[in-house]
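S.K.: Questions regarding the structure given below will be posed in turn.
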Amino acid sequence: MKKVILYTDGACSGNPGAGGWAFVLKYNQHQKACSGGEKETTNNRMELTAVIKGLEALKEPCNVKVYSDSAYVVNAFLQNWIVSWQVNNWKTASKHDVLNKDLWEKLLKLTNYHTIEFNKVKGHADDELNNLCDRLAVSEVQKIKVEQN
């Protein structure tokens, strides 16, 4: 199984507001970056979308190390929130509906296809690929804002 590195980031201007997502895939010496956006969304939806789009870009099952600065995304897996949510019929510990259930379900399907290790990185620090994802996601937000004016 191929070993792939996936960096992701999401951005939003207003929450909700114009949003952008981006990912960078690395396989051996190859690197692929991709980004997109939505006119009305939230930061958490963009963070999830970035991971989903990155995993969907893979053409076959892979061992994927995901690097994200989103505690929301990473902790859902590392702290087993995702398991608890499913057991509790998509309710949080405080009995509220889990937000972004549609995206969590998409991501769960992808975790069954790929072998994934989630890693938290510090945002806006010295991580070159995280910073690239951030710039791409913010650029998508700016494009949408220009289109809206």
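Residues are named by chain letter and number: chains run A, B, ... in the order of the structure tokens, numbers start at 1 in each chain, and ligands are numbered from 1 in the order shown.
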Among segment 7-145 of chain A, which residues carry a DSSP assignment of alpha helix (DSSP H), reported as a VMD selection string?
M.R.: chain A and resid 43 to 56 71 to 78 81 to 87 101 to 113 128 to 145
S.K.: List as a ChimeraX atom specification the protein and nucleic acid residues near segment 131-146 of chain A, meaning an atom at most 6 Å away when only C-alpha atoms are counted, but skip any in the same chain fewer than 4 places from it.
M.R.: /A:8-11,18-23,36-37
S.K.: Could those residues be written to a file, using C-alpha atoms, as a CSV table (one decimal), in the first residue's frame?
M.R.:
chain,number,residue,atom,x,y,z
A,8,THR,CA,-5.0,20.2,4.9
A,9,ASP,CA,-6.4,23.5,5.9
A,10,GLY,CA,-9.7,25.4,5.9
A,11,ALA,CA,-10.4,29.2,6.2
A,18,ALA,CA,-17.0,32.9,2.5
A,19,GLY,CA,-14.8,29.9,3.0
A,20,GLY,CA,-11.9,28.1,1.4
A,21,TRP,CA,-10.2,24.7,1.7
A,22,ALA,CA,-6.9,23.4,0.5
A,23,PHE,CA,-4.8,20.3,0.5
A,36,GLY,CA,-11.7,25.4,-3.6
A,37,GLY,CA,-14.3,27.4,-1.8
S.K.: Of the candidates A:Asn63, A:Asn44, A:Asn15, A:Asn89, which shows the shortest atom-to-atom distance to Asn112 of chain A, using only C-alpha atoms?
M.R.: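 That would be A:Asn63, the residue with the smallest distance to Asn112 of chain A.
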S.K.: Write out as a list of chain:residue names each polymer residue whose atoms come within 12 Å of His30 of chain A, counting only C-alpha atoms; drop sequence neighbours fewer than 4 positions from it.
M.R.: A:Lys3, A:Val4, A:Ile5, A:Leu6, A:Val24, A:Leu25, A:Lys26
S.K.: Using only C-alpha atoms, which residue out of A:Ser70, A:Asn100, A:Gln29, A:Asn43 lies closest to Asn130 of chain A?
M.R.: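 Ranking A:Ser70, A:Asn100, A:Gln29, A:Asn43 by distance to Asn130 of chain A, first place goes to A:Ser70.
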S.K.: As a tab-separated table (two decimals) with N, CA and C atoms, in the first residue's frame, please: all residues of segment 3-148 of chain A that backbone DSSP puts in strand (DSSP E).
M.R.:
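Just written: out24.tsv:
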chain	number	residue	atom	x	y	z
A	3	LYS	N	2.37	4.87	0.69
A	3	LYS	CA	2.40	5.77	1.84
A	3	LYS	C	2.35	7.20	1.35
A	4	VAL	N	1.33	7.94	1.80
A	4	VAL	CA	1.07	9.28	1.31
A	4	VAL	C	0.97	10.23	2.50
A	5	ILE	N	1.42	11.45	2.30
A	5	ILE	CA	1.26	12.50	3.30
A	5	ILE	C	0.23	13.49	2.78
A	6	LEU	N	-0.72	13.87	3.64
A	6	LEU	CA	-1.77	14.81	3.26
A	6	LEU	C	-1.82	15.94	4.27
A	7	TYR	N	-1.55	17.15	3.79
A	7	TYR	CA	-1.70	18.37	4.61
A	7	TYR	C	-3.00	19.04	4.19
A	8	THR	N	-3.74	19.56	5.16
A	8	THR	CA	-5.02	20.20	4.86
A	8	THR	C	-5.20	21.47	5.68
A	9	ASP	N	-6.05	22.36	5.16
A	9	ASP	CA	-6.44	23.54	5.93
A	9	ASP	C	-7.74	24.10	5.38
A	10	GLY	N	-8.47	24.76	6.26
A	10	GLY	CA	-9.69	25.44	5.89
A	10	GLY	C	-9.63	26.87	6.41
A	11	ALA	N	-10.34	27.77	5.76
A	11	ALA	CA	-10.37	29.17	6.17
A	11	ALA	C	-11.78	29.71	5.95
A	12	CYS	N	-12.12	30.72	6.72
A	12	CYS	CA	-13.43	31.33	6.59
A	12	CYS	C	-13.34	32.81	6.95
A	13	SER	N	-14.06	33.64	6.22
A	13	SER	CA	-14.15	35.07	6.53
A	13	SER	C	-15.56	35.32	7.02
A	14	GLY	N	-15.69	35.44	8.34
A	14	GLY	CA	-17.00	35.37	8.96
A	14	GLY	C	-17.26	33.91	9.24
A	17	GLY	N	-19.57	32.40	6.56
A	17	GLY	CA	-19.16	33.38	5.58
A	17	GLY	C	-18.49	32.69	4.42
A	18	ALA	N	-17.76	33.46	3.62
A	18	ALA	CA	-17.01	32.89	2.50
A	18	ALA	C	-15.92	31.99	3.06
A	19	GLY	N	-15.79	30.81	2.47
A	19	GLY	CA	-14.80	29.86	2.99
A	19	GLY	C	-13.95	29.24	1.90
A	20	GLY	N	-12.78	28.78	2.30
A	20	GLY	CA	-11.87	28.11	1.39
A	20	GLY	C	-11.26	26.88	2.04
A	21	TRP	N	-10.91	25.92	1.24
A	21	TRP	CA	-10.23	24.71	1.70
A	21	TRP	C	-9.04	24.45	0.77
A	22	ALA	N	-8.07	23.73	1.30
A	22	ALA	CA	-6.90	23.38	0.48
A	22	ALA	C	-6.25	22.12	1.03
A	23	PHE	N	-5.60	21.40	0.11
A	23	PHE	CA	-4.79	20.26	0.55
A	23	PHE	C	-3.54	20.17	-0.29
A	24	VAL	N	-2.53	19.54	0.29
A	24	VAL	CA	-1.30	19.20	-0.42
A	24	VAL	C	-1.05	17.72	-0.17
A	25	LEU	N	-0.96	16.95	-1.26
A	25	LEU	CA	-0.63	15.53	-1.18
A	25	LEU	C	0.83	15.35	-1.56
A	26	LYS	N	1.52	14.51	-0.78
A	26	LYS	CA	2.91	14.17	-1.11
A	26	LYS	C	3.04	12.66	-1.20
A	27	TYR	N	3.64	12.21	-2.31
A	27	TYR	CA	3.95	10.80	-2.49
A	27	TYR	C	5.33	10.74	-3.11
A	30	HIS	N	6.70	13.40	-5.52
A	30	HIS	CA	5.58	14.08	-6.16
A	30	HIS	C	4.77	14.88	-5.14
A	31	GLN	N	4.27	16.01	-5.59
A	31	GLN	CA	3.45	16.85	-4.73
A	31	GLN	C	2.31	17.44	-5.56
A	32	LYS	N	1.09	17.40	-4.99
A	32	LYS	CA	-0.07	17.95	-5.67
A	32	LYS	C	-0.83	18.84	-4.70
A	33	ALA	N	-1.14	20.05	-5.12
A	33	ALA	CA	-1.93	20.97	-4.31
A	33	ALA	C	-3.25	21.24	-5.02
A	34	CYS	N	-4.31	21.41	-4.23
A	34	CYS	CA	-5.62	21.69	-4.78
A	34	CYS	C	-6.40	22.53	-3.76
A	35	SER	N	-7.29	23.38	-4.25
A	35	SER	CA	-8.08	24.21	-3.35
A	35	SER	C	-9.42	24.55	-3.98
A	36	GLY	N	-10.34	25.00	-3.15
A	36	GLY	CA	-11.66	25.40	-3.61
A	36	GLY	C	-12.34	26.20	-2.52
A	37	GLY	N	-13.58	26.60	-2.78
A	37	GLY	CA	-14.26	27.40	-1.78
A	37	GLY	C	-15.76	27.33	-1.90
A	38	GLU	N	-16.42	27.94	-0.93
A	38	GLU	CA	-17.88	28.02	-0.90
A	38	GLU	C	-18.27	29.42	-0.43
A	39	LYS	N	-19.38	29.91	-0.97
A	39	LYS	CA	-19.82	31.28	-0.67
A	39	LYS	C	-20.31	31.45	0.76
A	40	GLU	N	-21.00	30.46	1.29
A	40	GLU	CA	-21.57	30.58	2.64
A	40	GLU	C	-21.33	29.28	3.39
A	41	THR	N	-20.39	29.31	4.33
A	41	THR	CA	-20.00	28.08	5.02
A	41	THR	C	-19.39	28.44	6.37
A	62	CYS	N	-4.64	3.84	0.30
A	62	CYS	CA	-3.29	4.23	0.70
A	62	CYS	C	-3.18	4.29	2.22
A	63	ASN	N	-1.95	4.23	2.70
A	63	ASN	CA	-1.63	4.58	4.09
A	63	ASN	C	-1.42	6.09	4.07
A	64	VAL	N	-2.26	6.82	4.79
A	64	VAL	CA	-2.22	8.28	4.71
A	64	VAL	C	-1.95	8.88	6.08
A	65	LYS	N	-0.93	9.71	6.14
A	65	LYS	CA	-0.68	10.51	7.33
A	65	LYS	C	-1.29	11.88	7.06
A	66	VAL	N	-2.35	12.21	7.79
A	66	VAL	CA	-3.04	13.48	7.63
A	66	VAL	C	-2.50	14.46	8.65
A	67	TYR	N	-2.12	15.64	8.18
A	67	TYR	CA	-1.65	16.71	9.05
A	67	TYR	C	-2.61	17.89	8.93
A	68	SER	N	-3.19	18.28	10.06
A	68	SER	CA	-4.16	19.37	10.08
A	68	SER	C	-3.93	20.22	11.33
A	115	THR	N	-6.09	3.65	5.10
A	115	THR	CA	-5.58	3.55	6.46
A	115	THR	C	-5.04	4.93	6.81
A	116	ILE	N	-5.64	5.56	7.82
A	116	ILE	CA	-5.35	6.97	8.09
A	116	ILE	C	-4.84	7.17	9.51
A	117	GLU	N	-3.80	7.98	9.60
A	117	GLU	CA	-3.25	8.43	10.89
A	117	GLU	C	-3.41	9.95	10.93
A	118	PHE	N	-4.14	10.44	11.92
A	118	PHE	CA	-4.36	11.88	12.06
A	118	PHE	C	-3.30	12.50	12.96
A	119	ASN	N	-2.78	13.65	12.54
A	119	ASN	CA	-1.74	14.36	13.29
A	119	ASN	C	-2.10	15.83	13.38
A	120	LYS	N	-1.96	16.39	14.57
A	120	LYS	CA	-2.24	17.82	14.79
A	120	LYS	C	-0.95	18.59	14.59
S.K.: For Lys122 of chain A, which of A:Val83, A:Asp69, A:Leu48, A:Glu56 is the closest residue, counting only C-alpha atoms?
M.R.: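 Checking each candidate against Lys122 of chain A, we get A:Asp69 as the closest.
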S.K.: Find the residues around Gln86 of chain A up to 12 Å (only C-alpha atoms counted), leave out those fewer than 3 positions away in its own chain, and share them as a list in words.
M.R.: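 My reading of the contact set: Ala76, Asn80, Trp81, Ile82, Val83, Asn89, Trp90, Lys91, Thr92, Ala93, Asp97, Val98, Lys101, Trp104, Glu105 and Leu108 of chain A.
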S.K.: Suppose we keep C-alpha atoms; can you now write the selection as a short mmCIF file (atom, residue, chain, number, x, y, z; two decimals), in the first residue's frame?
M.R.:
data_model
loop_
_atom_site.label_atom_id
_atom_site.label_comp_id
_atom_site.auth_asym_id
_atom_site.auth_seq_id
_atom_site.Cartn_x
_atom_site.Cartn_y
_atom_site.Cartn_z
CA ALA A 76 -12.64 13.69 16.62
CA ASN A 80 -12.69 8.97 19.76
CA TRP A 81 -15.43 11.58 19.58
CA ILE A 82 -16.45 10.11 16.25
CA VAL A 83 -17.09 6.71 17.86
CA ASN A 89 -26.99 8.37 17.28
CA TRP A 90 -25.00 11.45 16.19
CA LYS A 91 -25.50 13.31 19.47
CA THR A 92 -22.74 15.07 21.38
CA ALA A 93 -22.00 14.35 25.04
CA ASP A 97 -26.98 17.10 17.29
CA VAL A 98 -23.46 16.70 15.91
CA LYS A 101 -22.88 15.12 10.17
CA TRP A 104 -18.33 13.38 9.07
CA GLU A 105 -20.16 10.51 7.34
CA LEU A 108 -15.85 8.01 7.85
#
S.K.: Rounded to one decimal place, report the atom CA of Thr49 of chain A-atom CA of Asp102 of chain A distance in Å.
M.R.: 10.6 Å
S.K.: Go ahead and compute the interatomic distance for atom CA of Asn75 of chain A and atom CA of Met1 of chain A, in Å to one decimal.
M.R.: 25.4 Å
S.K.: Find the residues around Leu107 of chain A up to 8 Å (only C-alpha atoms counted), leave out those fewer than 3 positions away in its own chain, and share them as a VMD selection string.
M.R.: chain A and resid 48 51 to 52 103 to 104 110 to 111
S.K.: Keeping only N, CA and C atoms, write the selected residues as a short mmCIF file (atom, residue, chain, number, x, y, z; two decimals), in the first residue's frame.
M.R.:
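selection_28.cif, written as the output of this step:
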data_model
loop_
_atom_site.label_atom_id
_atom_site.label_comp_id
_atom_site.auth_asym_id
_atom_site.auth_seq_id
_atom_site.Cartn_x
_atom_site.Cartn_y
_atom_site.Cartn_z
N LEU A 48 -13.05 20.16 7.39
CA LEU A 48 -13.46 18.80 7.03
C LEU A 48 -13.40 18.58 5.52
N VAL A 51 -9.90 17.78 4.17
CA VAL A 51 -9.46 16.39 4.39
C VAL A 51 -10.19 15.46 3.40
N ILE A 52 -11.49 15.65 3.27
CA ILE A 52 -12.28 14.80 2.37
C ILE A 52 -11.78 14.92 0.93
N LEU A 103 -20.68 15.70 6.44
CA LEU A 103 -19.24 15.63 6.13
C LEU A 103 -18.54 14.57 6.96
N TRP A 104 -18.92 14.43 8.23
CA TRP A 104 -18.33 13.38 9.07
C TRP A 104 -18.62 12.01 8.46
N LEU A 110 -14.34 7.30 3.94
CA LEU A 110 -12.96 7.34 3.43
C LEU A 110 -11.98 6.69 4.41
N THR A 111 -12.27 6.75 5.70
CA THR A 111 -11.39 6.08 6.68
C THR A 111 -11.52 4.57 6.59
#
S.K.: Measure the distance from atom CA of Met46 of chain A to atom CA of Gln79 of chain A in Å and round it to one decimal.
M.R.: 20.6 Å
